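Have a look at query.tsv below; it lists TSV, C-alpha atoms.
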chain	number	residue	atom	x	y	z
A	1	MET	CA	0.00	0.00	0.00
A	2	ARG	CA	2.78	2.37	0.99
A	3	THR	CA	4.73	1.44	-2.16
A	4	THR	CA	1.70	2.23	-4.35
A	5	TRP	CA	1.26	5.61	-2.60
A	6	SER	CA	4.94	6.49	-2.90
A	7	ARG	CA	4.74	5.72	-6.63
A	8	LEU	CA	1.49	7.59	-7.09
A	9	ARG	CA	2.42	10.71	-5.11
A	10	PRO	CA	4.91	12.20	-7.62
A	11	ARG	CA	2.38	11.66	-10.45
A	12	LEU	CA	-0.37	13.33	-8.48
A	13	GLY	CA	2.08	16.11	-7.68
A	14	ASP	CA	2.84	16.56	-11.39
A	15	LEU	CA	-0.89	16.96	-12.03
A	16	ALA	CA	-1.45	19.14	-8.97
A	17	LEU	CA	0.82	21.94	-10.22
A	18	PRO	CA	-0.98	22.65	-13.52
A	19	ALA	CA	-4.33	22.16	-11.79
A	20	ALA	CA	-3.40	24.67	-9.06
A	21	ALA	CA	-2.09	27.16	-11.67
A	22	LEU	CA	-5.30	26.92	-13.71
A	23	ALA	CA	-7.47	27.22	-10.59
A	24	LEU	CA	-5.56	30.36	-9.49
A	25	ALA	CA	-5.88	31.82	-13.00
A	26	PHE	CA	-9.61	31.10	-13.05
A	27	ALA	CA	-10.07	32.68	-9.61
A	28	LEU	CA	-8.14	35.79	-10.71
A	29	LYS	CA	-10.22	36.05	-13.91
A	30	LEU	CA	-13.42	35.80	-11.87
A	31	PHE	CA	-12.16	38.43	-9.41
A	32	HIS	CA	-11.13	40.72	-12.30
A	33	SER	CA	-14.52	40.45	-14.00
A	34	ARG	CA	-16.22	41.80	-10.83
A	35	ALA	CA	-13.52	44.15	-9.52
A	36	GLY	CA	-13.78	47.91	-9.56
A	37	PHE	CA	-11.08	50.58	-9.38
A	38	ASP	CA	-10.40	50.21	-5.65
A	39	GLU	CA	-10.03	46.42	-5.88
A	40	LEU	CA	-7.47	46.76	-8.69
A	41	ARG	CA	-5.24	49.40	-7.08
A	42	TRP	CA	-2.60	46.73	-6.23
A	43	VAL	CA	-1.83	46.66	-9.97
A	44	LEU	CA	-3.03	50.13	-11.13
A	45	ASP	CA	-1.05	52.21	-8.60
A	46	PRO	CA	2.43	50.79	-9.32
A	47	THR	CA	1.67	50.87	-13.06
A	48	VAL	CA	0.80	54.57	-12.91
A	49	ARG	CA	3.95	55.26	-10.85
A	50	LEU	CA	5.99	53.52	-13.57
A	51	VAL	CA	4.23	55.51	-16.33
A	52	GLU	CA	5.14	58.70	-14.44
A	53	TRP	CA	8.70	57.43	-14.11
A	54	PHE	CA	8.75	56.93	-17.92
A	55	GLY	CA	8.05	60.67	-18.17
A	56	ALA	CA	4.33	60.58	-19.00
A	57	GLY	CA	2.85	62.19	-15.93
A	58	PRO	CA	1.76	63.46	-13.51
A	59	PHE	CA	-1.42	61.58	-12.57
A	60	GLU	CA	-4.04	62.57	-10.03
A	61	LEU	CA	-6.24	60.16	-8.16
A	62	GLU	CA	-9.95	60.41	-8.96
A	63	PRO	CA	-11.22	58.53	-5.89
A	64	HIS	CA	-12.94	55.19	-6.63
A	65	ARG	CA	-12.79	55.86	-10.40
A	66	ALA	CA	-9.44	56.33	-12.16
A	67	TRP	CA	-5.98	57.86	-12.29
A	68	LEU	CA	-6.22	61.04	-14.36
A	69	SER	CA	-3.57	62.94	-16.30
A	70	ARG	CA	-4.94	66.45	-16.76
A	71	THR	CA	-1.99	67.52	-18.92
A	72	HIS	CA	-2.56	64.66	-21.40
A	73	PHE	CA	-6.40	64.35	-21.02
A	74	PHE	CA	-5.85	60.66	-20.32
A	75	GLU	CA	-7.43	58.31	-17.79
A	76	VAL	CA	-6.14	55.00	-16.44
A	77	VAL	CA	-9.30	53.05	-15.57
A	78	PRO	CA	-9.83	49.47	-14.30
A	79	ALA	CA	-9.93	48.14	-17.91
A	80	CYS	CA	-6.27	49.27	-18.25
A	81	ALA	CA	-5.11	47.11	-15.31
A	82	GLY	CA	-3.54	44.42	-17.51
A	83	VAL	CA	-4.94	41.57	-15.42
A	84	ASN	CA	-5.58	39.45	-18.54
A	85	PHE	CA	-1.90	39.75	-19.39
A	86	LEU	CA	-0.99	38.86	-15.80
A	87	ILE	CA	-3.09	35.69	-16.08
A	88	ALA	CA	-1.57	34.78	-19.46
A	89	ALA	CA	1.98	35.34	-18.18
A	90	PHE	CA	1.39	33.34	-14.99
A	91	VAL	CA	-0.25	30.38	-16.78
A	92	SER	CA	2.40	30.37	-19.54
A	93	LEU	CA	5.20	30.15	-16.96
A	94	ALA	CA	3.45	27.66	-14.68
A	95	LEU	CA	2.45	25.26	-17.47
A	96	GLY	CA	5.47	25.76	-19.73
A	97	LEU	CA	8.19	25.45	-17.11
A	98	ALA	CA	6.59	23.10	-14.57
A	99	PRO	CA	9.47	21.21	-12.93
A	100	PRO	CA	9.33	17.49	-12.13
A	101	TRP	CA	7.94	16.58	-8.70
A	102	ARG	CA	10.29	17.57	-5.83
A	103	GLY	CA	7.80	17.91	-2.99
A	104	TRP	CA	4.93	20.22	-2.15
A	105	ALA	CA	7.12	23.04	-0.80
A	106	ALA	CA	9.10	23.19	-4.06
A	107	GLN	CA	5.91	23.25	-6.13
A	108	VAL	CA	4.41	26.07	-4.03
A	109	ALA	CA	7.69	28.01	-4.25
A	110	PHE	CA	7.68	27.52	-8.04
A	111	LEU	CA	4.11	28.88	-8.31
A	112	GLY	CA	5.07	31.85	-6.13
A	113	ALA	CA	8.08	32.59	-8.34
A	114	CYS	CA	5.86	32.38	-11.46
A	115	ALA	CA	3.35	34.78	-9.87
A	116	LEU	CA	6.08	37.28	-8.92
A	117	ALA	CA	7.70	37.18	-12.37
A	118	ALA	CA	4.29	37.54	-14.06
A	119	TYR	CA	3.34	40.48	-11.79
A	120	ALA	CA	6.63	42.33	-12.39
A	121	THR	CA	6.37	41.78	-16.16
A	122	THR	CA	2.74	42.94	-16.15
A	123	LEU	CA	3.68	46.22	-14.44
A	124	LEU	CA	6.51	46.88	-16.91
A	125	ALA	CA	4.55	45.87	-20.03
A	126	ASN	CA	1.41	47.69	-18.99
A	127	ALA	CA	3.27	50.88	-18.08
A	128	THR	CA	5.04	50.76	-21.46
A	129	ARG	CA	1.70	50.22	-23.22
A	130	ILE	CA	0.03	53.12	-21.38
A	131	ALA	CA	2.97	55.49	-21.97
A	132	LEU	CA	2.87	54.56	-25.68
A	133	ALA	CA	-0.93	54.99	-25.79
A	134	MET	CA	-0.56	58.47	-24.26
A	135	ARG	CA	2.01	59.39	-26.90
A	136	LEU	CA	-0.28	58.11	-29.69
A	137	HIS	CA	-3.21	59.98	-28.08
A	138	GLU	CA	-1.17	63.20	-28.22
A	139	LEU	CA	-0.32	62.65	-31.89
A	140	GLY	CA	-4.02	62.30	-32.75
A	141	ALA	CA	-5.73	60.11	-35.36
A	142	PRO	CA	-3.43	59.00	-38.19
A	143	PRO	CA	-4.41	59.81	-41.78
A	144	GLY	CA	-5.98	56.98	-43.79
A	145	PRO	CA	-8.25	54.10	-42.83
A	146	VAL	CA	-6.49	53.26	-39.53
A	147	THR	CA	-8.50	54.70	-36.64
A	148	ALA	CA	-6.90	55.96	-33.40
A	149	ASP	CA	-8.66	53.16	-31.48
A	150	ARG	CA	-7.29	50.48	-33.78
A	151	LEU	CA	-3.78	51.91	-33.58
A	152	HIS	CA	-4.08	51.94	-29.77
A	153	ALA	CA	-5.20	48.28	-29.87
A	154	VAL	CA	-2.36	47.19	-32.19
A	155	ALA	CA	0.24	48.98	-30.04
A	156	GLY	CA	-1.13	47.17	-26.98
A	157	ILE	CA	-1.06	43.76	-28.67
A	158	VAL	CA	2.52	44.32	-29.89
A	159	VAL	CA	3.75	45.42	-26.42
A	160	TYR	CA	2.02	42.49	-24.69
A	161	ALA	CA	3.14	39.88	-27.26
A	162	VAL	CA	6.78	41.04	-27.12
A	163	ALA	CA	6.72	41.19	-23.30
A	164	LEU	CA	5.23	37.69	-23.05
A	165	SER	CA	7.79	36.27	-25.50
A	166	LEU	CA	10.68	37.94	-23.66
A	167	LEU	CA	9.39	36.68	-20.30
A	168	VAL	CA	9.01	33.09	-21.54
A	169	ALA	CA	12.40	33.16	-23.30
A	170	ALA	CA	14.18	34.57	-20.21
A	171	ALA	CA	12.42	32.18	-17.82
A	172	SER	CA	13.21	29.23	-20.15
A	173	HIS	CA	16.86	30.27	-20.17
A	174	VAL	CA	16.99	30.33	-16.36
A	175	ALA	CA	14.99	27.09	-15.94
A	176	ASP	CA	17.00	25.17	-18.55
A	177	GLY	CA	20.26	26.40	-17.01
A	178	ARG	CA	19.19	25.09	-13.60
A	179	HIS	CA	18.00	21.84	-15.20
A	180	ALA	CA	21.36	21.33	-16.96
A	181	ALA	CA	23.31	22.14	-13.77
A	182	ARG	CA	21.32	19.52	-11.82
A	183	ARG	CA	22.09	16.74	-14.38
B	184	MET	CA	24.98	6.46	-21.28
B	185	PRO	CA	23.09	9.72	-21.90
B	186	ARG	CA	20.21	9.62	-24.33
B	187	ALA	CA	20.30	11.90	-27.38
B	188	ALA	CA	17.27	13.78	-26.07
B	189	ASP	CA	19.10	14.54	-22.79
B	190	ALA	CA	22.18	15.84	-24.58
B	191	ARG	CA	20.18	18.21	-26.79
B	192	PRO	CA	19.21	21.58	-25.26
B	193	PRO	CA	15.44	21.92	-24.74
B	194	ARG	CA	13.64	23.78	-27.53
B	195	PRO	CA	11.94	27.06	-26.54
B	196	ALA	CA	9.43	26.99	-29.43
B	197	PRO	CA	6.74	24.84	-27.72
B	198	ARG	CA	6.79	27.16	-24.68
B	199	LEU	CA	6.36	30.23	-26.90
B	200	VAL	CA	3.52	28.57	-28.79
B	201	LEU	CA	1.94	27.57	-25.46
B	202	ALA	CA	2.26	31.18	-24.22
B	203	TRP	CA	0.62	32.43	-27.44
B	204	LEU	CA	-2.24	29.94	-27.09
B	205	VAL	CA	-2.74	30.92	-23.42
B	206	TYR	CA	-2.73	34.62	-24.42
B	207	LEU	CA	-5.37	33.98	-27.09
B	208	GLY	CA	-7.33	31.88	-24.62
B	209	VAL	CA	-7.44	34.71	-22.07
B	210	THR	CA	-7.98	37.62	-24.48
B	211	VAL	CA	-10.22	36.02	-27.14
B	212	ALA	CA	-11.63	32.62	-26.15
B	213	ALA	CA	-12.63	33.48	-22.57
B	214	PRO	CA	-14.50	36.72	-23.47
B	215	ALA	CA	-16.14	34.89	-26.41
B	216	ALA	CA	-17.29	32.13	-24.06
B	217	ASN	CA	-18.77	34.82	-21.78
B	218	GLY	CA	-20.94	36.15	-24.61
B	219	ALA	CA	-18.67	38.85	-26.08
B	220	TRP	CA	-19.03	37.20	-29.52
B	221	ARG	CA	-22.45	38.91	-29.79
B	222	ASP	CA	-20.70	42.30	-29.88
B	223	PRO	CA	-20.30	43.39	-33.54
B	224	ASP	CA	-16.76	44.67	-32.85
B	225	PHE	CA	-15.62	41.39	-31.29
B	226	ALA	CA	-14.71	39.64	-34.58
B	227	GLY	CA	-12.43	42.56	-35.50
B	228	HIS	CA	-10.79	42.47	-32.06
B	229	ALA	CA	-10.29	38.69	-32.27
B	230	LEU	CA	-8.81	38.86	-35.78
B	231	LEU	CA	-6.52	41.74	-34.87
B	232	THR	CA	-5.32	40.03	-31.67
B	233	ALA	CA	-4.72	36.65	-33.32
B	234	GLY	CA	-3.22	38.15	-36.48
B	235	VAL	CA	-0.80	40.65	-34.90
B	236	SER	CA	0.33	38.37	-32.06
B	237	GLY	CA	0.57	35.37	-34.45
B	238	ALA	CA	2.72	37.36	-36.89
B	239	LEU	CA	5.00	38.44	-34.04
B	240	LEU	CA	5.27	34.83	-32.84
B	241	LEU	CA	6.35	33.71	-36.32
B	242	VAL	CA	8.97	36.49	-36.49
B	243	TRP	CA	10.22	35.54	-33.01
B	244	LEU	CA	10.44	31.81	-33.88
B	245	GLY	CA	12.27	32.71	-37.10
B	246	LEU	CA	14.80	34.76	-35.12
B	247	VAL	CA	15.28	31.92	-32.61
B	248	ARG	CA	15.90	29.51	-35.50
B	249	LEU	CA	18.41	31.89	-37.10
B	250	ALA	CA	20.24	32.39	-33.80
B	251	ARG	CA	20.41	28.64	-33.19
B	252	GLY	CA	21.66	28.05	-36.74
B	253	ALA	CA	24.34	30.69	-36.31
B	254	ALA	CA	25.38	29.23	-32.92
B	255	ALA	CA	25.57	25.70	-34.39
B	256	ALA	CA	27.63	26.96	-37.34
B	257	GLY	CA	30.01	28.67	-34.92
B	258	ARG	CA	30.53	25.42	-32.96
B	259	ARG	CA	31.30	23.36	-36.10
B	260	PRO	CA	35.06	22.75	-36.62

Rewritten as structure tokens:
Amino acid sequence: MRTTWSRLRPRLGDLALPAAALALAFALKLFHSRAGFDELRWVLDPTVRLVEWFGAGPFELEPHRAWLSRTHFFEVVPACAGVNFLIAAFVSLALGLAPPWRGWAAQVAFLGACALAAYATTLLANATRIALAMRLHELGAPPGPVTADRLHAVAGIVVYAVALSLLVAAASHVADGRHAARR
Amino acid sequence: MPRAADARPPRPAPRLVLAWLVYLGVTVAAPAANGAWRDPDFAGHALLTAGVSGALLLVWLGLVRLARGAAAAGRRP
């Protein structure tokens, strides 16, 4: 009985990690779909600070509503929080780099590291996207069939896609280096 | 004796493709499943997201392939 359990435990552990990552992602998505400005300040506030640090500020707090840049006529509202990117980054790391079973503590530490890396990347990518959007907003609508909204959307997709690729490539480099060193 | 698969460095491409699929899942599939597909602008958003991010993924994978080819050529005697 004990032998069966000791054989089964690593396999269950291997399944537990992706299951826990997906459950966390689902919970965050559910939270995000119902959250207002105040509930998302843990991601909006540092993002706005970074945007200011990039030189696109200053922002004023509109209580319970948004961060507002009066000089640029630009608002950072809950839809700008980048939580979808945070979920995508976290799930990509957790599923793509899941290590073989080395005990519950190691798996929890791995998920924590994935969450931290995803959060830091979200702040950087989202601040870059917002700073770029503010610059595009200042320049106004481009001539031709491309609308300002579409240009804003494309810039966001490009920033997010590049940030996600860089994150996965850098994390793969670190994980594969550790894997090779352990062999 | 080490297996050939152990000696070879792991390939990053599947992880990048997985990340792209997860990104599309979160930004396109999940809103569509929640009823966003009824919005007339949703098809445009989905096409733009899949098209732009897919094109970037292909460029990225091409660059990875080129870099690996150059590294392998540099190692050859």

Non-local contacts of A:Asp45 (12 Å; only C-alpha atoms; under 2 positions in same chain excluded) as a ChimeraX atom specification: /A:37-43,47-52,59-61,66-68,76-78,80-81,123,126-127

Contact table chain B vs chain A, cut-off 6 Å, shortest pair per residue, all atoms listed in the file, as a Markdown table:
| residue | atom | partner | partner_atom | distance |
| --- | --- | --- | --- | --- |
| B:Arg198 | CA | A:Gly96 | CA | 5.3 |
| B:Ala202 | CA | A:Ser92 | CA | 4.8 |
| B:Val205 | CA | A:Ala88 | CA | 5.7 |
| B:Tyr206 | CA | A:Ala88 | CA | 5.1 |
| B:Ser236 | CA | A:Ala161 | CA | 5.8 |

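Computed from the coordinates, the atom CA of A:Ala133 to atom CA of A:His152 distance equals 5.9 Å.
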
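Among the candidates B:Gly257, B:Gly252, B:Gly245, B:Gly208, the one nearest to B:Ala233 when counting only C-alpha atoms is B:Gly208.
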
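Distances to A:Leu151 were evaluated for B:Leu231, B:Val200, B:Ala212, B:Ala226 using only C-alpha atoms, and the minimum falls at B:Leu231.
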
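Take the candidates B:Ala216, B:Val209, B:Leu199, B:Ala254 and check each one against B:Leu239 using all atoms listed in the file; the shortest distance goes to B:Leu199.
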